[in-house]
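Input: a single structure, listed below in structure tokens.
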There are 4 protein chains.
Amino acid sequence: MSTPVWAKTESAATDDAMMRFMAGEDVVLDRELIAYDITASVAHVRALSRAGLLSDDDAAAIETALGDLRQRLADGRFTLDDRYEDGHSAIEAFLVEQLGETGKRVHLGRSRNDQILVATRLFTIEALGRLQANAVSCARAALTIARKHETDPMPGYTHLQRAVPSSVGLWMASYVEGFCDAGELLRLTTQWLGASPLGTAAGYGVNLPLDREGAARELGFDRLLINPMHAQASRGVHDVQALGSAWQLAQVVRRLGWDLTLFASAEFGFVTLSDEASTGSSIMPNKRNPDVAELMRVGAAGVGGAMSELQQLTSLPSGYHRDLQHSKGALMRGLRAAGQVSSVTPRVLSGLTLHTDRMRAAIDPGMYATDVAVDLAAEGMAFRDAYRRVGRELDALGPGDPDASLARRTSPGGCADLRLSELEARVEALSECP
Amino acid sequence: MSTPVWAKTESAATDDAMMRFMAGEDVVLDRELIAYDITASVAHVRALSRAGLLSDDDAAAIETALGDLRQRLADGRFTLDDRYEDGHSAIEAFLVEQLGETGKRVHLGRSRNDQILVATRLFTIEALGRLQANAVSCARAALTIARKHETDPMPGYTHLQRAVPSSVGLWMASYVEGFCDAGELLRLTTQWLGASPLGTAAGYGVNLPLDREGAARELGFDRLLINPMHAQASRGVHDVQALGSAWQLAQVVRRLGWDLTLFASAEFGFVTLSDEASTGSSIMPNKRNPDVAELMRVGAAGVGGAMSELQQLTSLPSGYHRDLQHSKGALMRGLRAAGQVSSVTPRVLSGLTLHTDRMRAAIDPGMYATDVAVDLAAEGMAFRDAYRRVGRELDALGPGDPDASLARRTSPGGCADLRLSELEARVEALSECP
Amino acid sequence: MSTPVWAKTESAATDDAMMRFMAGEDVVLDRELIAYDITASVAHVRALSRAGLLSDDDAAAIETALGDLRQRLADGRFTLDDRYEDGHSAIEAFLVEQLGETGKRVHLGRSRNDQILVATRLFTIEALGRLQANAVSCARAALTIARKHETDPMPGYTHLQRAVPSSVGLWMASYVEGFCDAGELLRLTTQWLGASPLGTAAGYGVNLPLDREGAARELGFDRLLINPMHAQASRGVHDVQALGSAWQLAQVVRRLGWDLTLFASAEFGFVTLSDEASTGSSIMPNKRNPDVAELMRVGAAGVGGAMSELQQLTSLPSGYHRDLQHSKGALMRGLRAAGQVSSVTPRVLSGLTLHTDRMRAAIDPGMYATDVAVDLAAEGMAFRDAYRRVGRELDALGPGDPDASLARRTSPGGCADLRLSELEARVEALSECP
Amino acid sequence: MSTPVWAKTESAATDDAMMRFMAGEDVVLDRELIAYDITASVAHVRALSRAGLLSDDDAAAIETALGDLRQRLADGRFTLDDRYEDGHSAIEAFLVEQLGETGKRVHLGRSRNDQILVATRLFTIEALGRLQANAVSCARAALTIARKHETDPMPGYTHLQRAVPSSVGLWMASYVEGFCDAGELLRLTTQWLGASPLGTAAGYGVNLPLDREGAARELGFDRLLINPMHAQASRGVHDVQALGSAWQLAQVVRRLGWDLTLFASAEFGFVTLSDEASTGSSIMPNKRNPDVAELMRVGAAGVGGAMSELQQLTSLPSGYHRDLQHSKGALMRGLRAAGQVSSVTPRVLSGLTLHTDRMRAAIDPGMYATDVAVDLAAEGMAFRDAYRRVGRELDALGPGDPDASLARRTSPGGCADLRLSELEARVEALSECP
């Protein structure tokens with residue numbers, strides 16, 4: 001590794017094993033963050049220039065070199081590896097190598113602390129935006145099925161027991177709304193995170209009239225994290241909420257993964273996954289496994305584990321502590337887990353074959369009991385009496401007509417009043433609202 | 001326990017040990033929920049009446065009886081205990097006892113599933129509102145200190161090492177903003193939760209044109225959880241976000257607890273807690289312990305543990321499962337943990353004695369190094385060179401003037417530009433925004 | 001509340017709201033711990049007496065009074081309530097009330113810190129012993145079914161897809177071994193916890209030659225937690241392992257809960273739970289829900305949440321911190337969660353009806369494919385070629401004979417070699433090994 | 001990626017995006033596991049040969065080729081990359097490439113399910129062994145300091161308040177015992193995990209009289225996981241206990257990290273970390289930060305997060321589910337986190353400079369109060385009266401003699417009776433006991 005930026009002399013001795021322990025996964029993780037670090041560096045340089053702290057020429061030279069670095073990273077001519085302590089050091093090293101004295105000026109008025117804060121926040125906001133887009137795609141895919149099979153009957157289950165006649169429309173619409181609610185929380189969280197930490201340095205500000213508002217605007221933030229100690233204290237902590245919103249999305253996917261896994265069993269036989277979403281076994285020639293549906297369940301655990309790690313990591317007093325370096329890995333891992341399962345979901349849904357005949361056949365006579373009890377009650381019998389009477393006469397219930405039953409399920413949101421257009425309007429509103 | 005509501009005959013045999021296992025803590029937990037259940041029951045009865053499903057007389061009688069029950073609960077004439085399977089059953093039993101046939105009509109068009117959903121959501125929204133109010137009180141208490149000691153110098157720490165001169169104003173303002181951000185997330189979460197599940201029955205709606213919108217408005221909800229299966233699926237799951245917002249508050253309190261605990265040590269000696277917030281030891285006569293500050297740290301762990309429990313509990317397919325009964329305990333416990341630590345915080349802050357002389361004395365010469373380096377850089381030396389030069393000449397740094405140092409910390413949010421009025425405006429906006 | 005033990009004067013002012021916050025649930029939780037505290041107090045008093053630090057008369061008087069207190073607690077004449085700061089204070093208050101001066105001598109050489117440590121450890125060891133006994137009962141119940149239905153065929157699933165013919169014997173034997181492994185870990189953990197903290201006072205020992213070994217032996221401990229700071233540091237921390245071993249038990253129960261819930265569905269139809277383990281619905285007269293099987297799943301989440309809470313709580317430096325007071329609640333809650341689900345399991349198993357006809361009927365021809373491929377390979381064809389050939393000719397597989405298939409499953413542990421006696425021997429060894 | 005092993009024809013179409021999603025990190029993670037997979041494959045081949053299921057020539061050829069593969073992996077001539085679905089497929093592909101027909105025979109009687117189970121278990125046992133060795137090294141390093149500074153006084157803290165005089169010996173001995181207890185739990189857990197899953201195939205055994213015991217002995221296992229479904233069910237689940245034992249080690253390191261971080265502050269000034277364990281700041285030239293001590297705290301969070309992830313992941317019915325693929329990553333990440341922090345600890349300890357003068361100077365007169373109260377009590381005054389009297393007369397306590405105080409702290413484990421030899425004997429016993 002090259003000389004660390006904090007070495008006071010060129011020859012500062014460093015011990016490699018310890019340095020490696022301290023560096024941890026930083027360089028690898030920073031590969032995902034360095035583009036945001038460059039973006040923030042440009043905003044920082046411009047703000048220095050506006051405040052008269054950097055000459056226009058120096059600012060322009062640094063900005064050009066940063067653009068060059070971005071390009072080299074993109075096309076593989078520059079690799080962030082363990083020659084560098086972290087991505088921030090790599091940027092500074094590159095600038096010094098390219099620009100000499102001028103390059104050394106970039107760090108005026110900032111610290112690696114606010115560099116990582118701003119880069120991580122930009123990264124997180126973009127990641128949540130992608131998750132929100134995934135939520136929209138998932139909702140649309142579910143809506144397509146809900147529309148196509150709006151009135152196709154299937155059993156409704158509680159306790160995994162057949163309960164009342166339901167419909168594919170109701171089932172799939174529950175995912176449309178689930179993905180909307182998750183997407184909405186992602187949106188609210190993005191809004192909550194929209195405050196710039198750039199210019200808070202190491203948690204105590206600096207002796208310079210930095211144009212923090214200008215830099216914030218340039219980076220797309222709504223407002224400042226005003227207080228530098230608060231900005232520091234948000235690290236690892238606001239990340240828990242970013243992951244919390246991602247968890248809601250992963251949880252909707254998990255429920256769908258459960259449903260599909262069950263419904264793809266021979267016993268239910270309600271759905272078949274596409275070939276691309278299925279695999280075989282290495283020992284059993286007869287197997288066709290709904291692997292992707294099962295894997296849809298794992299995202300929530302991945303996000304949840306990362307949340308738990310961050311909650312343990314952040315039991316700390318005020319001020320930066322090196323522990324927080326490890327918040328990056330947990331955050332990125334958790335967001336990736338939610339991203340993976342939500343990316344694959346629309347394709348799973350669009351490739352799904354529904355066996356509506358098997359669904360219809362699985363509705364047995366007892367499932368009409370609630371209808372009958374509610375009818376008796378609507379006609380005047382006290383509900384609890386109607387319930388008991390029907391309960392004692394279950395065997396007398398004849399084969400019902402599921403379509404008729406669904407047609408009368410008129411409570412708002414019920415099978416006869418799914419409100420798909422209202423749900424669609426929410427999906428589309430979410431898709432337009434970054 | 002009395003005959004369960006789902007018994008088909010009066011004499012349905014039930015096994016007590018098993019019933020106790022199944023009932024769990026329900027009856028105890030429901031003591032906190034039953035008031036919300038009554039409120040929702042009134043809205044349900046009125047909606048039934050508006051839809052012509054209950055006569056005006058019956059509706060009026062039930063509503064009166066519900067009011068009576070509420071009163072009896074309040075003054076202790078009615079106790080929810082293990083005579084009942086749960087709070088819902090107790091309400092129904094009371095109505096039947098008071099009104100006979102009419103009482104049996106209350107359950108038309110609803111299930112215990114949507115009863116608990118709506119009661120829990122009302123409870124949660126109210127609890128989050130209290131937490132938001134706590135956040136405001138905490139922020140105000142911190143602001144008072146920040147104002148009083150706005151420019152009093154104290155060391156700023158990173159890595160628990162003395163870093164740069166800072167101020168009590170900066171330190172306390174970080175809490176003002178921290179509590180604002182937590183309060184804001186509580187507000188956004190309340191908004192996100194503002195959708196009514198009432199009228200979704202057991203997750204599949206009913207054969208009745210319930211006036212769900214009317215009931216929702218009456219209960220203060222903005223909108224419906226439209227889809228009944230989605231409403232079911234929100235149980236335990238949306239609770240994770242309620243707890244996630246509570247965790248942010250508890251986490252700010254935890255950081256403050258850490259600071260106070262450290263600063264109350266003899267070695268720092270920066271603060272003394274009030275007598276009421278301190279205790280002695282059972283064996284060491286000399287001890288005066290900052291117990292309350294230490295206990296301020298435990299809320300985050302309590303909330304976090306509850307979140308983790310819910311995340312494990314909710315790995316389930318669609319439809320109600322009895323597992324979800326246990327979501328109540330975790331939710332209530334987590335919210336209570338956040339409530340306790342945030343309730344006590346304003347008093348801890350207002351009772352705090354600050355030893356500003358010790359704080360000032362703890363600022364040592366090396367802490368001015370960054371100022372000097374930034375100054376050299378602002379005068380034209382490349383920052384990295386200035387950094388190295390100052391680093392090599394640390395011993396030459398004379399005793400600095402902390403007040404002068406702070407006065408020049410002009411970056412927005414820094415010691416010379418704390419923006420307390422802007423923060424206060426945010427606090428007050430939050431206090432007015434339910 | 002009475003004057004705290006640490007008050008230096010009789011009139012020490014205490015603030016009730018703060019005191020309540022600090023007391024937390026202590027008094028309620030201590031109701032479960034006070035019996036252990038009394039037991040340890042007796043051992044402490046005897047050790048003081050042996051060391052000549054307490055006269056024989058005083059020791060006898062205190063021991064008698066402690067016996068009296070234990071009796072009063074048992075028959076309800078003494079209630080631990082919020083008159084006391086905690087259980088330790090209540091014991092001391094009782095002794096002073098009963099014995100005057102002599103009662104004040106009991107606290108010589110100990111602190112509430114080692115009182116709670118030793119009481120909690122005794123409580124934990126007893127609780128783990130009960131869980132181990134539960135594991136044995138569960139294993140025996142599973143073994144009974146495995147024996148009765150040793151060769152009854154049922155489908156074996158992977159990915160919830162029908163995979164190969166299996167047997168009820170294999171299925172149930174997996175629980176026998178699962179409960180054994182959980183029980184064994186409980187036993188090892190009990191052994192690991194068998195070290196006495198009594199006599200470490202507040203974490204720094206005392207100026208007295210306490211007979212710690214004697215007291216430890218008397219309490220049934222194998223050895224000492226020698227170092228007082230280590231004893232302190234074990235609080236909340238060793239508890240995580242106690243819960244970790246409880247989690248293994250709860251996890252085996254969770255898997256069984258999942259199996260029973262699925263197999264009780266109409267689609268599988270393999271089992272029916274006893275009436276006592278089933279419930280109805282408040283709205284659907286036709287429902288018979290396997291509630292107890294579902295609730296068997298919740299223990300693992302309860303234990304896991306408690307573990308997560310403790311892991312967050314214990315990020316602390318050396319020495320007692322008041323945070324640790326909250327470890328009690330998490331520990332007790334987690335152990336109770338594991339206890340509840342494991343207590344009910346043997347009865348669920350013994351009440352289970354198995355529909356072996358439905359199980360047998362669910363074995364379809366494709367499930368013999370692996371047998372055929374293995375046979376071809378055993379005859380000399382390379383396994384991968386045999387696998388491909390059978391895979392391409394699945395439709396040609398005729399209806400197989402499940403009994404014959406099982407009879408040839410001769411790999412150790414397989415359907416034809418279940419080794420139930422070996423498993424039974426492990427169960428019995430576990431039952432004899434405290 | 002090459003054709004998956006479960007393709008029935010050579011041309012089975014596979015979709016790359018889906019395949020990538022399903023493959024996850026498998027190939028990367030398997031780089032750590034493949035050596036264990038090869039070891040287990042050799043044992044499997046020998047067992048097949050002993051059972052007459054593979055000719056001696058074929059067995060020898062496969063074993064030689066496996067040795068060749070191991071060598072190629074070691075020297076980089078073979079790289080496990082995304083040409084392969086996973087490590088198991090890579091091994092089979094290599095054998096077929098090298099040996100043609102013979103290579104296809106290796107999969108007889110096994111499944112990727114038991115391959116991964118056995119490889120992971122071997123990996124885990126070896127990892128726990130390394131952690132146990134780390135615990136021993138940590139304990140020895142702490143013992144060296146305890147011996148060197150056995151009677152050097154330092155303050156003992158509770159609530160971070162100065163409590164009573166203590167010693168460096170007591171402080172460090174607490175870590176010796178802490179590391180012993182952690183090491184002991186690692187040892188017990190290794191013992192608990194010492195059961196072979198090899199030969200359980202996909203969870204249902206096979207039609208072959210495999211020599212499972214022989215293979216188990218060859219791999220160093222004590223016994224079998226007898227039941228194939230139980231073996232499957234241990235995946236991800238027994239891993240929680242492996243991590244639980246690693247967490248205990250990481251937790252002791254976390255406490256030490258906290259102590260060192262605090263004690264390295266200017267306010268305490270008790271220790272200085274070696275240069276190699278310290279870093280500077282990118283903006284503050286004066287900083288010397290105890291980064292390694294801070295990073296010693298993060299391991300526990302990493303392990304804890306992984307435990308939480310696995311607990312969520314394993315809420316599943318019997319039989320393999322694809323979700324379990326993700327248990328590998330969590331397990332490996334958690335074990336690595338514990339390994340990193342425990343590896344660095346001995347060096348941190350051996351490089352530590354202790355400022356015993358500052359420690360001694362920090363013992364203030366009030367800290368002798370407990371000694372005085374205990375003395376009064378030992379002379380006959382009731383302890384609670386002595387406590388109150390000393391408490392009221394704290395100011396009268398003169399400057400004490402810390403050495404004398406420590407010399408009289410004779411309770412077993414206390415400063416005057418540290419029992420370092422007993423602790424050392426435990427450390428050495430642990431080092432010899434694999």
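Following the order of the structure tokens, chains are lettered A, B, ..., residues in each are numbered from 1, and ligands are numbered from 1.
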Each residue of chain A lying at most 6 Å from chain D should get a row with its shortest atom-to-atom pair and the distance in Å to one decimal, counting only C-alpha atoms; could you produce that, ordered by chain and increasing number, as a Markdown table?
```
| residue | atom | partner | partner_atom | distance |
| --- | --- | --- | --- | --- |
| A:Val5 | CA | D:Ser282 | CA | 5.9 |
| A:Trp6 | CA | D:Gly280 | CA | 5.0 |
| A:Asp15 | CA | D:Glu276 | CA | 5.6 |
| A:Ser111 | CA | D:Ile283 | CA | 5.5 |
| A:Glu276 | CA | D:Asp15 | CA | 5.6 |
| A:Gly280 | CA | D:Trp6 | CA | 5.0 |
| A:Ser281 | CA | D:Trp6 | CA | 5.4 |
| A:Ser282 | CA | D:Trp6 | CA | 5.0 |
| A:Ile283 | CA | D:Ser111 | CA | 5.5 |
| A:Asp291 | CA | D:Arg322 | CA | 5.7 |
| A:Glu294 | CA | D:Arg322 | CA | 5.7 |
| A:Leu295 | CA | D:Asp323 | CA | 5.3 |
| A:Val298 | CA | D:Asp323 | CA | 5.8 |
| A:Ala301 | CA | D:Glu309 | CA | 4.9 |
| A:Gly302 | CA | D:Glu309 | CA | 5.8 |
| A:Gly305 | CA | D:Glu309 | CA | 4.2 |
| A:Ala306 | CA | D:Gly305 | CA | 5.8 |
| A:Ser308 | CA | D:Gly305 | CA | 5.1 |
| A:Glu309 | CA | D:Gly305 | CA | 4.2 |
| A:Gln312 | CA | D:Ala301 | CA | 5.3 |
| A:Leu313 | CA | D:Ala301 | CA | 5.6 |
| A:Arg322 | CA | D:Glu294 | CA | 5.7 |
| A:Asp323 | CA | D:Leu295 | CA | 5.3 |
```
Using N, CA and C atoms, can you write the selected residues to a file as a tab-separated table (two decimals), in the first residue's frame?
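As written to disk, selection.tsv reads:
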```tsv
chain	number	residue	atom	x	y	z
A	5	VAL	N	-2.39	8.85	3.67
A	5	VAL	CA	-2.51	10.32	3.56
A	5	VAL	C	-2.17	11.00	4.88
A	6	TRP	N	-2.28	10.25	6.00
A	6	TRP	CA	-2.04	10.89	7.29
A	6	TRP	C	-0.60	10.76	7.75
A	15	ASP	N	2.87	-1.11	9.28
A	15	ASP	CA	2.93	-2.55	9.36
A	15	ASP	C	1.85	-3.16	8.50
A	111	SER	N	-12.77	16.31	5.00
A	111	SER	CA	-12.12	15.20	5.65
A	111	SER	C	-12.61	13.93	4.96
A	276	GLU	N	-36.83	-21.17	-16.88
A	276	GLU	CA	-35.65	-20.40	-16.48
A	276	GLU	C	-35.59	-20.19	-14.97
A	280	GLY	N	-32.94	-28.52	-11.68
A	280	GLY	CA	-33.04	-29.93	-11.34
A	280	GLY	C	-32.21	-30.24	-10.11
A	281	SER	N	-32.10	-31.54	-9.83
A	281	SER	CA	-31.32	-32.01	-8.69
A	281	SER	C	-30.10	-32.73	-9.23
A	282	SER	N	-29.02	-32.78	-8.43
A	282	SER	CA	-27.82	-33.48	-8.92
A	282	SER	C	-27.96	-34.98	-8.76
A	283	ILE	N	-28.96	-35.42	-7.98
A	283	ILE	CA	-29.09	-36.87	-7.76
A	283	ILE	C	-30.45	-37.42	-8.17
A	291	ASP	N	-36.56	-23.11	-7.62
A	291	ASP	CA	-35.46	-22.49	-6.89
A	291	ASP	C	-35.59	-20.98	-6.78
A	294	GLU	N	-37.88	-19.92	-4.13
A	294	GLU	CA	-37.29	-20.11	-2.80
A	294	GLU	C	-36.27	-19.01	-2.49
A	295	LEU	N	-35.49	-18.69	-3.50
A	295	LEU	CA	-34.47	-17.65	-3.28
A	295	LEU	C	-35.09	-16.27	-3.10
A	298	VAL	N	-34.92	-15.13	0.47
A	298	VAL	CA	-33.71	-14.89	1.28
A	298	VAL	C	-33.35	-13.41	1.45
A	301	ALA	N	-33.96	-11.88	4.95
A	301	ALA	CA	-32.99	-12.29	5.97
A	301	ALA	C	-31.68	-11.53	5.80
A	302	GLY	N	-31.27	-11.34	4.55
A	302	GLY	CA	-30.03	-10.62	4.29
A	302	GLY	C	-30.12	-9.17	4.77
A	305	GLY	N	-30.36	-9.16	8.72
A	305	GLY	CA	-29.07	-9.40	9.36
A	305	GLY	C	-28.20	-8.15	9.33
A	306	ALA	N	-28.24	-7.44	8.20
A	306	ALA	CA	-27.44	-6.21	8.08
A	306	ALA	C	-27.95	-5.14	9.05
A	308	SER	N	-29.43	-5.68	11.91
A	308	SER	CA	-29.03	-6.09	13.25
A	308	SER	C	-27.55	-5.77	13.48
A	309	GLU	N	-26.72	-6.00	12.47
A	309	GLU	CA	-25.29	-5.70	12.59
A	309	GLU	C	-25.08	-4.20	12.84
A	312	GLN	N	-25.97	-3.07	16.33
A	312	GLN	CA	-24.96	-3.39	17.32
A	312	GLN	C	-23.74	-2.50	17.19
A	313	LEU	N	-23.44	-2.15	15.95
A	313	LEU	CA	-22.21	-1.40	15.65
A	313	LEU	C	-22.28	0.03	16.17
A	322	ARG	N	-13.67	4.44	14.54
A	322	ARG	CA	-13.28	3.63	13.39
A	322	ARG	C	-14.25	2.47	13.13
A	323	ASP	N	-14.97	2.08	14.16
A	323	ASP	CA	-15.98	1.03	14.01
A	323	ASP	C	-16.89	1.30	12.80
```
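The two copies, chain A and chain D, share one sequence, and their C-alpha RMSD after a least-squares fit comes to 0.0 Å.
Of all the residues in stretch 102-323 of chain A, the ones DSSP labels as strand (DSSP E or B) from the backbone are Pro153, Met154, Pro155, Gly156, Tyr157, Thr158, Gln161, Arg162, Ala163, Val164, Pro165, Ser166, Ser167, Ala195, Ser196, Arg223, Leu224, Val271, Thr272, Thr279 and Asn289 of chain A.
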Legend entry - Residues of stretch 201-390 of chain B in alpha helix (DSSP H), written as an MDAnalysis selection string: chainID B and resid 212:218 228:233 238:263 291:295 298:313 327:350 356:361 369:378 383:390
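In this structure, atom CA of B:Trp171 sits 19.0 Å away from atom CA of D:Ala266.
For the pair atom CA of C:Leu260 and atom CA of A:Thr158, the interatomic distance is 14.8 Å.
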